[in-house]
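Q: This is input33.cif (mmCIF, C-alpha atoms and all ligand atoms).
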```cif
data_data
loop_
_atom_site.group_PDB
_atom_site.id
_atom_site.type_symbol
_atom_site.label_atom_id
_atom_site.label_comp_id
_atom_site.auth_asym_id
_atom_site.auth_seq_id
_atom_site.Cartn_x
_atom_site.Cartn_y
_atom_site.Cartn_z
ATOM 1 C CA MET A 79 82.013 97.239 126.162
ATOM 2 C CA LYS A 80 82.807 93.529 126.621
ATOM 3 C CA LEU A 81 85.736 93.786 129.048
ATOM 4 C CA ASN A 82 85.206 90.173 130.029
ATOM 5 C CA ILE A 83 86.951 89.199 126.771
ATOM 6 C CA LEU A 84 90.204 89.919 128.636
ATOM 7 C CA ASN A 85 89.424 87.130 131.142
ATOM 8 C CA GLU A 86 88.327 84.817 128.334
ATOM 9 C CA LEU A 87 91.642 85.466 126.575
ATOM 10 C CA ARG A 88 93.646 84.625 129.690
ATOM 11 C CA GLU A 89 91.670 81.425 130.219
ATOM 12 C CA LYS A 90 92.067 80.223 126.634
ATOM 13 C CA ASN A 91 95.661 81.357 125.980
ATOM 14 C CA PRO A 92 95.152 81.394 122.169
ATOM 15 C CA VAL A 93 98.063 80.931 119.775
ATOM 16 C CA VAL A 94 98.459 84.081 117.660
ATOM 17 C CA LEU A 95 100.525 83.730 114.486
ATOM 18 C CA SER A 96 102.341 86.868 113.323
ATOM 19 C CA ALA A 97 104.011 87.728 110.060
ATOM 20 C CA ALA A 98 105.801 90.532 111.898
ATOM 21 C CA ASN A 99 108.241 93.282 110.997
ATOM 22 C CA PHE A 100 111.844 92.969 112.152
ATOM 23 C CA VAL A 101 111.858 96.297 114.031
ATOM 24 C CA THR A 102 109.323 95.531 116.759
ATOM 25 C CA VAL A 103 108.956 91.758 116.678
ATOM 26 C CA GLN A 104 110.226 91.200 120.214
ATOM 27 C CA ASP A 105 107.909 93.801 121.745
ATOM 28 C CA VAL A 106 105.013 92.171 119.904
ATOM 29 C CA ALA A 107 105.921 88.658 121.139
ATOM 30 C CA ASN A 108 106.429 89.790 124.742
ATOM 31 C CA SER A 109 103.256 91.875 124.814
ATOM 32 C CA LEU A 110 101.157 89.001 123.458
ATOM 33 C CA ASN A 111 102.657 86.666 126.007
ATOM 34 C CA ALA A 112 102.132 89.164 128.816
ATOM 35 C CA ILE A 113 98.466 89.772 128.123
ATOM 36 C CA GLY A 114 97.751 86.043 128.069
ATOM 37 C CA ALA A 115 98.117 84.869 124.467
ATOM 38 C CA SER A 116 100.761 82.546 123.032
ATOM 39 C CA PRO A 117 102.779 84.254 120.276
ATOM 40 C CA ILE A 118 104.441 82.530 117.353
ATOM 41 C CA MET A 119 106.286 84.352 114.579
ATOM 42 C CA SER A 120 107.051 82.886 111.174
ATOM 43 C CA LYS A 121 108.908 83.912 108.001
ATOM 44 C CA GLU A 122 108.840 80.553 106.191
ATOM 45 C CA ILE A 123 106.164 79.919 103.565
ATOM 46 C CA ALA A 124 106.695 76.133 103.732
ATOM 47 C CA GLU A 125 105.381 75.967 107.306
ATOM 48 C CA ALA A 126 102.316 78.175 106.676
ATOM 49 C CA GLU A 127 99.868 75.277 106.669
ATOM 50 C CA GLU A 128 100.962 73.911 110.047
ATOM 51 C CA MET A 129 101.196 77.396 111.514
ATOM 52 C CA VAL A 130 97.673 78.420 110.505
ATOM 53 C CA LYS A 131 96.260 75.099 111.696
ATOM 54 C CA MET A 132 97.806 75.649 115.121
ATOM 55 C CA ALA A 133 96.886 79.344 115.460
ATOM 56 C CA SER A 134 93.555 80.820 116.568
ATOM 57 C CA SER A 135 94.160 84.100 114.715
ATOM 58 C CA VAL A 136 96.811 85.782 112.581
ATOM 59 C CA THR A 137 98.372 89.226 112.256
ATOM 60 C CA LEU A 138 99.872 90.372 108.965
ATOM 61 C CA ASN A 139 102.163 93.388 109.396
ATOM 62 C CA LEU A 140 103.555 95.240 106.367
ATOM 63 C CA GLY A 141 106.310 96.990 108.376
ATOM 64 C CA THR A 142 109.360 95.510 106.652
ATOM 65 C CA LEU A 143 107.762 93.736 103.715
ATOM 66 C CA THR A 144 109.694 91.723 101.098
ATOM 67 C CA GLN A 145 108.472 89.839 98.002
ATOM 68 C CA LEU A 146 108.960 86.589 99.915
ATOM 69 C CA GLN A 147 106.913 87.857 102.831
ATOM 70 C CA ILE A 148 104.126 89.036 100.527
ATOM 71 C CA ALA A 149 103.923 85.514 99.059
ATOM 72 C CA GLN A 150 103.885 84.103 102.593
ATOM 73 C CA MET A 151 101.086 86.512 103.598
ATOM 74 C CA LYS A 152 99.011 85.426 100.577
ATOM 75 C CA LYS A 153 99.403 81.800 101.598
ATOM 76 C CA ILE A 154 98.581 82.517 105.257
ATOM 77 C CA GLY A 155 95.632 84.687 104.170
ATOM 78 C CA ALA A 156 94.162 81.928 101.978
ATOM 79 C CA LEU A 157 94.651 79.246 104.655
ATOM 80 C CA ALA A 158 93.216 81.363 107.473
ATOM 81 C CA THR A 159 90.189 82.214 105.300
ATOM 82 C CA GLN A 160 89.647 78.518 104.597
ATOM 83 C CA ASP A 161 89.899 77.691 108.329
ATOM 84 C CA LYS A 162 87.737 80.718 109.323
ATOM 85 C CA LYS A 163 90.475 82.193 111.530
ATOM 86 C CA PRO A 164 90.393 85.967 112.011
ATOM 87 C CA ILE A 165 93.039 87.984 110.168
ATOM 88 C CA VAL A 166 94.222 91.357 111.501
ATOM 89 C CA PHE A 167 96.037 93.511 108.962
ATOM 90 C CA ASP A 168 98.496 96.302 109.906
ATOM 91 C CA PRO A 169 99.233 98.477 106.851
ATOM 92 C CA VAL A 170 102.421 100.147 108.147
ATOM 93 C CA ALA A 171 103.298 103.328 106.172
ATOM 94 C CA VAL A 172 100.860 102.794 103.268
ATOM 95 C CA GLY A 173 100.044 106.497 103.511
ATOM 96 C CA ALA A 174 103.675 107.437 102.836
ATOM 97 C CA VAL A 175 104.958 104.805 100.392
ATOM 98 C CA ASN A 176 102.995 104.130 97.226
ATOM 99 C CA TYR A 177 104.531 100.668 96.738
ATOM 100 C CA ARG A 178 103.166 99.670 100.133
ATOM 101 C CA LEU A 179 99.720 101.022 99.295
ATOM 102 C CA GLN A 180 99.656 98.974 96.075
ATOM 103 C CA THR A 181 100.859 95.897 97.956
ATOM 104 C CA ALA A 182 98.218 96.357 100.656
ATOM 105 C CA GLN A 183 95.502 96.710 98.011
ATOM 106 C CA ASP A 184 96.737 93.576 96.252
ATOM 107 C CA LEU A 185 96.690 91.601 99.527
ATOM 108 C CA LEU A 186 93.241 92.919 100.463
ATOM 109 C CA HIS A 187 91.956 91.780 97.046
ATOM 110 C CA SER A 188 93.496 88.327 97.546
ATOM 111 C CA PHE A 189 91.691 87.420 100.786
ATOM 112 C CA PRO A 190 89.211 89.015 103.216
ATOM 113 C CA VAL A 191 90.456 90.355 106.555
ATOM 114 C CA SER A 192 88.441 90.705 109.776
ATOM 115 C CA ILE A 193 90.108 93.837 111.123
ATOM 116 C CA ILE A 194 92.475 96.505 109.808
ATOM 117 C CA ARG A 195 94.382 98.499 112.465
ATOM 118 C CA GLY A 196 96.375 101.521 111.354
ATOM 119 C CA ASN A 197 96.974 105.151 112.249
ATOM 120 C CA ALA A 198 94.970 107.952 110.597
ATOM 121 C CA GLY A 199 97.434 108.347 107.689
ATOM 122 C CA GLU A 200 97.315 104.638 106.899
ATOM 123 C CA ILE A 201 93.541 104.286 107.156
ATOM 124 C CA ALA A 202 92.959 107.421 105.044
ATOM 125 C CA ALA A 203 95.252 106.023 102.335
ATOM 126 C CA LEU A 204 93.419 102.679 102.226
ATOM 127 C CA GLY A 205 90.093 104.491 102.035
ATOM 128 C CA GLY A 206 91.297 106.833 99.264
ATOM 129 C CA PHE A 207 91.108 110.016 101.365
ATOM 130 C CA GLU A 208 93.434 113.065 101.349
ATOM 131 C CA TRP A 209 95.967 112.991 104.224
ATOM 132 C CA ASN A 210 99.623 113.953 104.741
ATOM 133 C CA ALA A 211 101.078 110.806 106.282
ATOM 134 C CA ARG A 212 104.720 110.852 107.339
ATOM 135 C CA GLY A 213 106.763 107.636 107.336
ATOM 136 C CA ILE A 214 105.358 105.260 109.943
ATOM 137 C CA ASP A 215 103.522 108.139 111.648
ATOM 138 C CA ALA A 216 99.977 109.358 111.143
ATOM 139 C CA GLY A 217 101.082 112.824 109.938
ATOM 140 C CA SER A 218 98.354 115.420 109.596
ATOM 141 C CA GLY A 219 95.071 115.889 107.824
ATOM 142 C CA SER A 220 91.856 117.826 108.070
ATOM 143 C CA GLY A 221 89.429 115.059 107.088
ATOM 144 C CA ASN A 222 86.739 113.819 109.463
ATOM 145 C CA LEU A 223 88.135 110.641 111.043
ATOM 146 C CA ASP A 224 84.705 109.205 111.816
ATOM 147 C CA GLN A 225 83.777 109.414 108.138
ATOM 148 C CA ILE A 226 87.167 108.166 106.970
ATOM 149 C CA THR A 227 87.056 105.157 109.305
ATOM 150 C CA GLN A 228 83.436 104.267 108.543
ATOM 151 C CA LYS A 229 83.772 104.638 104.759
ATOM 152 C CA THR A 230 87.018 102.643 104.719
ATOM 153 C CA ALA A 231 85.294 99.873 106.693
ATOM 154 C CA GLN A 232 82.434 99.873 104.159
ATOM 155 C CA LYS A 233 84.807 99.893 101.188
ATOM 156 C CA LEU A 234 86.949 97.018 102.514
ATOM 157 C CA ASP A 235 84.069 95.199 104.209
ATOM 158 C CA CYS A 236 85.743 94.697 107.573
ATOM 159 C CA VAL A 237 86.235 96.359 110.948
ATOM 160 C CA VAL A 238 88.634 99.309 110.848
ATOM 161 C CA ILE A 239 90.521 100.808 113.795
ATOM 162 C CA ALA A 240 92.090 104.234 113.193
ATOM 163 C CA SER A 241 94.315 104.656 116.249
ATOM 164 C CA GLY A 242 95.672 107.876 117.695
ATOM 165 C CA ALA A 243 95.018 110.168 120.664
ATOM 166 C CA THR A 244 91.401 109.111 120.137
ATOM 167 C CA ASP A 245 90.914 105.662 118.646
ATOM 168 C CA THR A 246 88.042 105.376 116.166
ATOM 169 C CA ILE A 247 86.545 101.972 115.404
ATOM 170 C CA SER A 248 83.916 101.132 112.801
ATOM 171 C CA ASN A 249 82.400 98.093 111.108
ATOM 172 C CA GLY A 250 80.864 100.287 108.407
ATOM 173 C CA LYS A 251 77.651 100.824 110.392
ATOM 174 C CA LYS A 252 78.544 101.414 114.028
ATOM 175 C CA ILE A 253 81.241 103.844 115.190
ATOM 176 C CA ALA A 254 82.973 103.661 118.582
ATOM 177 C CA HIS A 255 85.711 105.732 120.200
ATOM 178 C CA VAL A 256 88.320 105.112 122.891
ATOM 179 C CA TYR A 257 89.650 108.242 124.584
ATOM 180 C CA ASN A 258 92.221 106.657 126.917
ATOM 181 C CA GLY A 259 95.956 106.636 126.231
ATOM 182 C CA THR A 260 99.154 108.585 126.812
ATOM 183 C CA PRO A 261 101.384 110.533 124.381
ATOM 184 C CA LEU A 262 104.156 108.081 125.402
ATOM 185 C CA PHE A 263 102.601 105.564 123.008
ATOM 186 C CA GLN A 264 103.617 107.866 120.175
ATOM 187 C CA ALA A 265 107.125 108.314 121.556
ATOM 188 C CA HIS A 266 107.727 104.556 121.637
ATOM 189 C CA VAL A 267 108.137 102.830 118.233
ATOM 190 C CA GLY A 268 105.997 99.719 117.938
ATOM 191 C CA SER A 269 102.902 100.775 119.896
ATOM 192 C CA GLY A 270 100.736 100.301 116.820
ATOM 193 C CA ASP A 271 102.226 96.902 115.978
ATOM 194 C CA VAL A 272 101.635 95.708 119.526
ATOM 195 C CA LEU A 273 98.043 96.991 119.448
ATOM 196 C CA SER A 274 97.383 95.122 116.177
ATOM 197 C CA SER A 275 98.628 91.847 117.648
ATOM 198 C CA ILE A 276 96.593 92.342 120.830
ATOM 199 C CA VAL A 277 93.529 92.971 118.678
ATOM 200 C CA ALA A 278 94.244 89.594 117.025
ATOM 201 C CA ALA A 279 94.443 87.931 120.459
ATOM 202 C CA PHE A 280 91.009 89.330 121.388
ATOM 203 C CA ALA A 281 89.564 88.332 117.997
ATOM 204 C CA ALA A 282 90.885 84.795 118.560
ATOM 205 C CA VAL A 283 88.524 84.265 121.504
ATOM 206 C CA TRP A 284 85.526 86.421 120.531
ATOM 207 C CA ALA A 285 83.326 85.880 117.484
ATOM 208 C CA ASP A 286 82.240 89.509 116.943
ATOM 209 C CA PRO A 287 85.223 91.375 115.427
ATOM 210 C CA PHE A 288 83.770 94.821 116.218
ATOM 211 C CA GLU A 289 83.450 94.010 119.932
ATOM 212 C CA ALA A 290 86.870 92.344 119.965
ATOM 213 C CA ALA A 291 88.452 95.392 118.280
ATOM 214 C CA GLN A 292 86.713 97.888 120.563
ATOM 215 C CA THR A 293 87.640 96.018 123.752
ATOM 216 C CA ALA A 294 91.256 95.312 122.765
ATOM 217 C CA THR A 295 91.724 98.979 121.875
ATOM 218 C CA LEU A 296 90.355 100.099 125.245
ATOM 219 C CA VAL A 297 92.410 97.560 127.236
ATOM 220 C CA PHE A 298 95.645 98.575 125.491
ATOM 221 C CA ALA A 299 95.138 102.353 125.666
ATOM 222 C CA ALA A 300 93.935 102.250 129.285
ATOM 223 C CA THR A 301 96.861 100.027 130.361
ATOM 224 C CA GLY A 302 99.318 102.570 128.954
ATOM 225 C CA GLU A 303 97.423 105.376 130.688
ATOM 226 C CA LEU A 304 97.541 103.533 134.037
ATOM 227 C CA LEU A 305 101.303 103.101 133.666
ATOM 228 C CA ALA A 306 101.862 106.780 132.770
ATOM 229 C CA LYS A 307 99.754 107.867 135.773
ATOM 230 C CA ASP A 308 101.577 105.555 138.193
ATOM 231 C CA GLN A 309 105.016 106.571 136.914
ATOM 232 C CA PRO A 310 104.808 110.182 135.700
ATOM 233 C CA LYS A 311 108.587 110.484 135.163
ATOM 234 C CA ILE A 312 108.820 107.537 132.763
ATOM 235 C CA GLY A 313 110.386 108.045 129.270
ATOM 236 C CA PRO A 314 109.818 106.343 125.894
ATOM 237 C CA GLY A 315 112.330 103.504 126.387
ATOM 238 C CA THR A 316 111.269 102.317 129.815
ATOM 239 C CA PHE A 317 107.611 102.924 128.880
ATOM 240 C CA GLY A 318 107.871 100.038 126.403
ATOM 241 C CA MET A 319 109.452 97.771 129.001
ATOM 242 C CA HIS A 320 107.012 98.614 131.790
ATOM 243 C CA LEU A 321 104.058 98.359 129.419
ATOM 244 C CA ILE A 322 104.793 94.629 129.077
ATOM 245 C CA ASP A 323 104.701 94.293 132.889
ATOM 246 C CA TYR A 324 101.436 96.247 133.065
ATOM 247 C CA LEU A 325 99.845 94.139 130.305
ATOM 248 C CA SER A 326 100.587 91.032 132.359
ATOM 249 C CA LYS A 327 98.907 92.303 135.521
ATOM 250 C CA VAL A 328 96.108 94.639 134.409
ATOM 251 C CA GLN A 329 92.642 93.545 135.551
ATOM 252 C CA VAL A 330 89.171 94.348 134.250
ATOM 253 C CA ALA A 331 88.444 96.346 137.443
ATOM 254 C CA ASP A 332 91.528 98.583 136.860
ATOM 255 C CA ILE A 333 90.334 99.401 133.354
ATOM 256 C CA GLU A 334 86.732 100.008 134.426
ATOM 257 C CA LYS A 335 87.929 102.720 136.816
ATOM 258 C CA ILE A 336 89.455 104.907 134.086
ATOM 259 C CA ALA A 337 87.721 103.766 130.874
ATOM 260 C CA LYS A 338 86.600 106.592 128.583
ATOM 261 C CA PHE A 339 84.722 105.462 125.503
ATOM 262 C CA ASP A 340 81.510 105.801 123.551
HETATM 263 N N1 LIG B 401 98.792 111.262 121.316
HETATM 264 C C1 LIG B 401 98.338 110.129 121.859
HETATM 265 N N2 LIG B 401 97.735 110.155 123.065
HETATM 266 C C2 LIG B 401 97.268 109.037 123.613
HETATM 267 N N3 LIG B 401 97.373 107.804 123.052
HETATM 268 C C3 LIG B 401 97.948 107.706 121.838
HETATM 269 C C4 LIG B 401 98.441 108.855 121.180
HETATM 270 N N4 LIG B 401 98.950 108.461 119.991
HETATM 271 C C5 LIG B 401 98.772 107.138 119.919
HETATM 272 N N5 LIG B 401 98.159 106.666 121.021
HETATM 273 C C6 LIG B 401 97.850 105.253 121.308
HETATM 274 O O1 LIG B 401 98.919 104.502 120.792
HETATM 275 C C7 LIG B 401 98.510 103.224 120.358
HETATM 276 C C8 LIG B 401 99.137 102.939 119.019
HETATM 277 O O2 LIG B 401 98.575 103.761 118.068
HETATM 278 P P1 LIG B 401 99.328 104.659 117.009
HETATM 279 O O3 LIG B 401 100.456 105.412 117.624
HETATM 280 O O4 LIG B 401 98.237 105.431 116.375
HETATM 281 O O5 LIG B 401 99.853 103.551 115.975
HETATM 282 P P2 LIG B 401 101.152 103.553 115.051
HETATM 283 O O6 LIG B 401 102.271 103.248 116.008
HETATM 284 O O7 LIG B 401 100.901 102.437 114.099
HETATM 285 O O8 LIG B 401 101.251 104.891 114.394
HETATM 286 C C9 LIG B 401 96.984 103.249 120.408
HETATM 287 O O9 LIG B 401 96.590 102.514 121.552
HETATM 288 C C10 LIG B 401 96.618 104.721 120.593
HETATM 289 O O10 LIG B 401 95.471 104.870 121.399
HETATM 290 C C1 LIG B 402 110.313 102.007 112.327
HETATM 291 C C2 LIG B 402 109.706 100.982 111.458
HETATM 292 N N1 LIG B 402 110.120 100.822 110.174
HETATM 293 C C3 LIG B 402 109.474 99.863 109.544
HETATM 294 S S1 LIG B 402 108.336 99.089 110.496
HETATM 295 C C4 LIG B 402 108.684 100.090 111.814
HETATM 296 C C5 LIG B 402 107.963 99.978 113.104
HETATM 297 C C6 LIG B 402 106.590 100.566 113.038
HETATM 298 O O1 LIG B 402 105.956 100.483 114.298
HETATM 299 P P1 LIG B 402 104.602 101.206 114.659
HETATM 300 O O2 LIG B 402 103.787 101.363 113.429
HETATM 301 O O3 LIG B 402 103.949 100.259 115.609
HETATM 302 O O4 LIG B 402 104.960 102.501 115.322
HETATM 303 MG MG MG B 403 102.027 101.492 112.746
#
```
Any chance you could give the structure as structure tokens?
A:
Amino acid sequence: MKLNILNELREKNPVVLSAANFVTVQDVANSLNAIGASPIMSKEIAEAEEMVKMASSVTLNLGTLTQLQIAQMKKIGALATQDKKPIVFDPVAVGAVNYRLQTAQDLLHSFPVSIIRGNAGEIAALGGFEWNARGIDAGSGSGNLDQITQKTAQKLDCVVIASGATDTISNGKKIAHVYNGTPLFQAHVGSGDVLSSIVAAFAAVWADPFEAAQTATLVFAATGELLAKDQPKIGPGTFGMHLIDYLSKVQVADIEKIAKFD
């Protein structure tokens, strides 16, 4: 595990461009800022060229998609591919809404992405596996998540993170797991969106997308776990607020003490 990427990120303070959803955009901006990246959000297709030039990586989030935003994502995707800037894709609710699945497939055919980060329901849908996703949530399924994650990574030729109580990460060959976390992540809307943007921040400063994905996933899950352990009476609302504080102060040594991964 390359935990030193966290220090590299804080030294470089990379600009991360997000085509965000309107539900969780502020949490995403504050979390990126707190961990040591420089967030910028954009909805305007006319500024895509300047935005991509300035950014070190981009996150495309399908959470509240519109036709205009899809066109903007295609433009950002093409420009980032041309400039060799990593793209992280968050396929919010593609397991529950067929229109979103079709849109995600169309986008993924239009340009290559480095990393896809979704919950089990979303990753299973992209891979073509049976699963009962529910709205923005993972829902339930009996499929083997290692196989689903690995085969989806092979099919889409990128790194895939299937997040949940255990996070599963694969580049199509290797499989890694992160066992840290707290159920409070699930109780707070936006945890997945924030994770996707933090993955983009790590990918901005590290050339290997598998290592960037694995490390970002561990840092995020372990930071939430540290917070839940320090403040056992915390609820879903204040968890989100305090998580931003914890992201700003967490150190590699804190994570090393509790890290559970393989
Ligand atoms: N039951 C859980 N226990 C511990 N951590 C969890 C749990 N559910 C989700 N997480 C963590 O929450 C973060 C966001 O993932 P997830 O909730 O799967 O995304 P989404 O919000 O897109 O559904 C990840 O870091 C994951 O490890
Ligand atoms: C509630 C909601 N509706 C559309 S996007 C969104 C937020 C999804 O956040 P996350 O996938 O991170 O839980
Ligand atoms: Mg999500």
Q: With all atoms listed in the file as the atoms that count, which of A:Asp271, A:Ile113, A:Ala337, A:Ala156 lies nearest to Asn85 of chain A?
A: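 Between A:Asp271, A:Ile113, A:Ala337, A:Ala156, the residue approaching Asn85 of chain A most closely is A:Ile113.
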Q: As an exercise, work out the distance from atom CA of Ile193 of chain A to atom CA of Val237 of chain A in Å and give it to one decimal place.
A: 4.6 Å
Q: Can I get the residues close to ligand LIG 401 (chain B) as number ranges by chain, where close means within 9 Å and we count all atoms listed in the file?
A: A: 168-171, 195-200, 214-216, 240-245, 256-274, 295-300, 302-303
Q: Applying the PyMOL selection byres (((chain A and resi 250) around 6) and not hetatm) to the file I just gave you, which residues come out? Please list them as a ChimeraX atom specification.
A: /A:228,231-232,248-249,251
Q: Rounded to one decimal place, report the atom CA of Asn139 of chain A-atom CA of Ala306 of chain A distance in Å.
A: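 For atom CA of Asn139 of chain A relative to atom CA of Ala306 of chain A, the distance reads 26.9 Å.
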Q: On this structure, which residues satisfy the PyMOL selection byres (((chain A and resi 128) around 12) and not hetatm), written as number ranges by chain?
A: A: 95, 118, 120, 122-127, 129-133, 153-154, 157-158, 161
Q: Between A:Asn222, A:Thr102, A:Asn176, A:Thr144, single out the one closest to ligand MG 403 (chain B), counting all atoms listed in the file.
A: A:Thr102
Q: Translate the PyMOL selection byres (((chain A and resi 280-292) around 10) and not hetatm) into a concrete residue list for this structure, as a PyMOL selection string.
A: chain A and resi 79-81+83-84+86-94+115+133-136+163-166+192-195+236-239+245-250+252-256+273-279+293-297+339-340
Q: For the selection just defined, write its residues with C-alpha atoms to a file, as a PDB file, in the coordinates of the input.
A:
```
ATOM      1  CA  MET A  79      82.013  97.239 126.162  1.00  0.00           C
ATOM      2  CA  LYS A  80      82.807  93.529 126.621  1.00  0.00           C
ATOM      3  CA  LEU A  81      85.736  93.786 129.048  1.00  0.00           C
ATOM      4  CA  ILE A  83      86.951  89.199 126.771  1.00  0.00           C
ATOM      5  CA  LEU A  84      90.204  89.919 128.636  1.00  0.00           C
ATOM      6  CA  GLU A  86      88.327  84.817 128.334  1.00  0.00           C
ATOM      7  CA  LEU A  87      91.642  85.466 126.575  1.00  0.00           C
ATOM      8  CA  ARG A  88      93.646  84.625 129.690  1.00  0.00           C
ATOM      9  CA  GLU A  89      91.670  81.425 130.219  1.00  0.00           C
ATOM     10  CA  LYS A  90      92.067  80.223 126.634  1.00  0.00           C
ATOM     11  CA  ASN A  91      95.661  81.357 125.980  1.00  0.00           C
ATOM     12  CA  PRO A  92      95.152  81.394 122.169  1.00  0.00           C
ATOM     13  CA  VAL A  93      98.063  80.931 119.775  1.00  0.00           C
ATOM     14  CA  VAL A  94      98.459  84.081 117.660  1.00  0.00           C
ATOM     15  CA  ALA A 115      98.117  84.869 124.467  1.00  0.00           C
ATOM     16  CA  ALA A 133      96.886  79.344 115.460  1.00  0.00           C
ATOM     17  CA  SER A 134      93.555  80.820 116.568  1.00  0.00           C
ATOM     18  CA  SER A 135      94.160  84.100 114.715  1.00  0.00           C
ATOM     19  CA  VAL A 136      96.811  85.782 112.581  1.00  0.00           C
ATOM     20  CA  LYS A 163      90.475  82.193 111.530  1.00  0.00           C
ATOM     21  CA  PRO A 164      90.393  85.967 112.011  1.00  0.00           C
ATOM     22  CA  ILE A 165      93.039  87.984 110.168  1.00  0.00           C
ATOM     23  CA  VAL A 166      94.222  91.357 111.501  1.00  0.00           C
ATOM     24  CA  SER A 192      88.441  90.705 109.776  1.00  0.00           C
ATOM     25  CA  ILE A 193      90.108  93.837 111.123  1.00  0.00           C
ATOM     26  CA  ILE A 194      92.475  96.505 109.808  1.00  0.00           C
ATOM     27  CA  ARG A 195      94.382  98.499 112.465  1.00  0.00           C
ATOM     28  CA  CYS A 236      85.743  94.697 107.573  1.00  0.00           C
ATOM     29  CA  VAL A 237      86.235  96.359 110.948  1.00  0.00           C
ATOM     30  CA  VAL A 238      88.634  99.309 110.848  1.00  0.00           C
ATOM     31  CA  ILE A 239      90.521 100.808 113.795  1.00  0.00           C
ATOM     32  CA  ASP A 245      90.914 105.662 118.646  1.00  0.00           C
ATOM     33  CA  THR A 246      88.042 105.376 116.166  1.00  0.00           C
ATOM     34  CA  ILE A 247      86.545 101.972 115.404  1.00  0.00           C
ATOM     35  CA  SER A 248      83.916 101.132 112.801  1.00  0.00           C
ATOM     36  CA  ASN A 249      82.400  98.093 111.108  1.00  0.00           C
ATOM     37  CA  GLY A 250      80.864 100.287 108.407  1.00  0.00           C
ATOM     38  CA  LYS A 252      78.544 101.414 114.028  1.00  0.00           C
ATOM     39  CA  ILE A 253      81.241 103.844 115.190  1.00  0.00           C
ATOM     40  CA  ALA A 254      82.973 103.661 118.582  1.00  0.00           C
ATOM     41  CA  HIS A 255      85.711 105.732 120.200  1.00  0.00           C
ATOM     42  CA  VAL A 256      88.320 105.112 122.891  1.00  0.00           C
ATOM     43  CA  LEU A 273      98.043  96.991 119.448  1.00  0.00           C
ATOM     44  CA  SER A 274      97.383  95.122 116.177  1.00  0.00           C
ATOM     45  CA  SER A 275      98.628  91.847 117.648  1.00  0.00           C
ATOM     46  CA  ILE A 276      96.593  92.342 120.830  1.00  0.00           C
ATOM     47  CA  VAL A 277      93.529  92.971 118.678  1.00  0.00           C
ATOM     48  CA  ALA A 278      94.244  89.594 117.025  1.00  0.00           C
ATOM     49  CA  ALA A 279      94.443  87.931 120.459  1.00  0.00           C
ATOM     50  CA  THR A 293      87.640  96.018 123.752  1.00  0.00           C
ATOM     51  CA  ALA A 294      91.256  95.312 122.765  1.00  0.00           C
ATOM     52  CA  THR A 295      91.724  98.979 121.875  1.00  0.00           C
ATOM     53  CA  LEU A 296      90.355 100.099 125.245  1.00  0.00           C
ATOM     54  CA  VAL A 297      92.410  97.560 127.236  1.00  0.00           C
ATOM     55  CA  PHE A 339      84.722 105.462 125.503  1.00  0.00           C
ATOM     56  CA  ASP A 340      81.510 105.801 123.551  1.00  0.00           C
TER      57      ASP A 340
END
```
Q: Can you work out the spacing between atom CA of Arg178 of chain A and atom CA of Gly315 of chain A in Å, to one decimal?
A: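 Atom CA of Gly315 of chain A lies 28.1 Å from atom CA of Arg178 of chain A.
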Q: Check the smallest atom-to-atom distance from each of A:Thr142, A:Ser109, A:Gln309, A:Gln104 to ligand MG 403 (chain B) using only C-alpha atoms and all ligand atoms, then report the winner.
A: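 Using only C-alpha atoms and all ligand atoms, the shortest distance to ligand MG 403 (chain B) belongs to A:Thr142.
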Q: I'd like to know which of A:Leu325, A:Val101, A:Ile148, A:Ile312 is closest to ligand MG 403 (chain B), using only C-alpha atoms and all ligand atoms.
A: A:Val101
Q: Which residue gives the smallest distance to ligand LIG 402 (chain B) among A:Lys121, A:Gln160, A:Gly213, A:Ala202, with all atoms listed in the file counted?
A: A:Gly213
Q: Just checking: using all atoms listed in the file, which residue out of A:Ala203, A:Leu146, A:Val172, A:Leu110 ends up closest to ligand MG 403 (chain B)?
A: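 Nearest candidate to ligand MG 403 (chain B) out of A:Ala203, A:Leu146, A:Val172, A:Leu110: A:Val172.
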Q: At most 7 Å from (88.8, 91.3, 103.1), file frame, only C-alpha atoms: which residues, as a list in words?
A: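 Residues close enough to count: Leu186, His187, Phe189, Pro190, Val191, Ser192, Leu234, Asp235 and Cys236 of chain A.
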Q: Give, as lines of an AutoDock Vina configuration file, the centre coordinates and the x, y and z edge lengths in Å to one decimal for an axis-aligned box around all listed atoms of segment 102-117 of chain A, padded by 8 Å on each side.
A:
```
center_x = 104.0
center_y = 89.0
center_z = 122.7
size_x = 28.5
size_y = 29.0
size_z = 28.1
```
Q: Output segment 329-333 of chain A with N, CA and C atoms present, as a short mmCIF file (atom, residue, chain, number, x, y, z; two decimals), keeping the file's coordinate frame.
A:
```
data_model
loop_
_atom_site.label_atom_id
_atom_site.label_comp_id
_atom_site.auth_asym_id
_atom_site.auth_seq_id
_atom_site.Cartn_x
_atom_site.Cartn_y
_atom_site.Cartn_z
N GLN A 329 93.89 94.27 135.31
CA GLN A 329 92.64 93.54 135.55
C GLN A 329 91.46 94.36 135.02
N VAL A 330 90.38 93.68 134.75
CA VAL A 330 89.17 94.35 134.25
C VAL A 330 88.78 95.51 135.17
N ALA A 331 88.85 95.30 136.48
CA ALA A 331 88.44 96.35 137.44
C ALA A 331 89.32 97.60 137.32
N ASP A 332 90.63 97.42 137.02
CA ASP A 332 91.53 98.58 136.86
C ASP A 332 91.09 99.41 135.65
N ILE A 333 90.72 98.71 134.59
CA ILE A 333 90.33 99.40 133.35
C ILE A 333 88.99 100.10 133.54
#
```
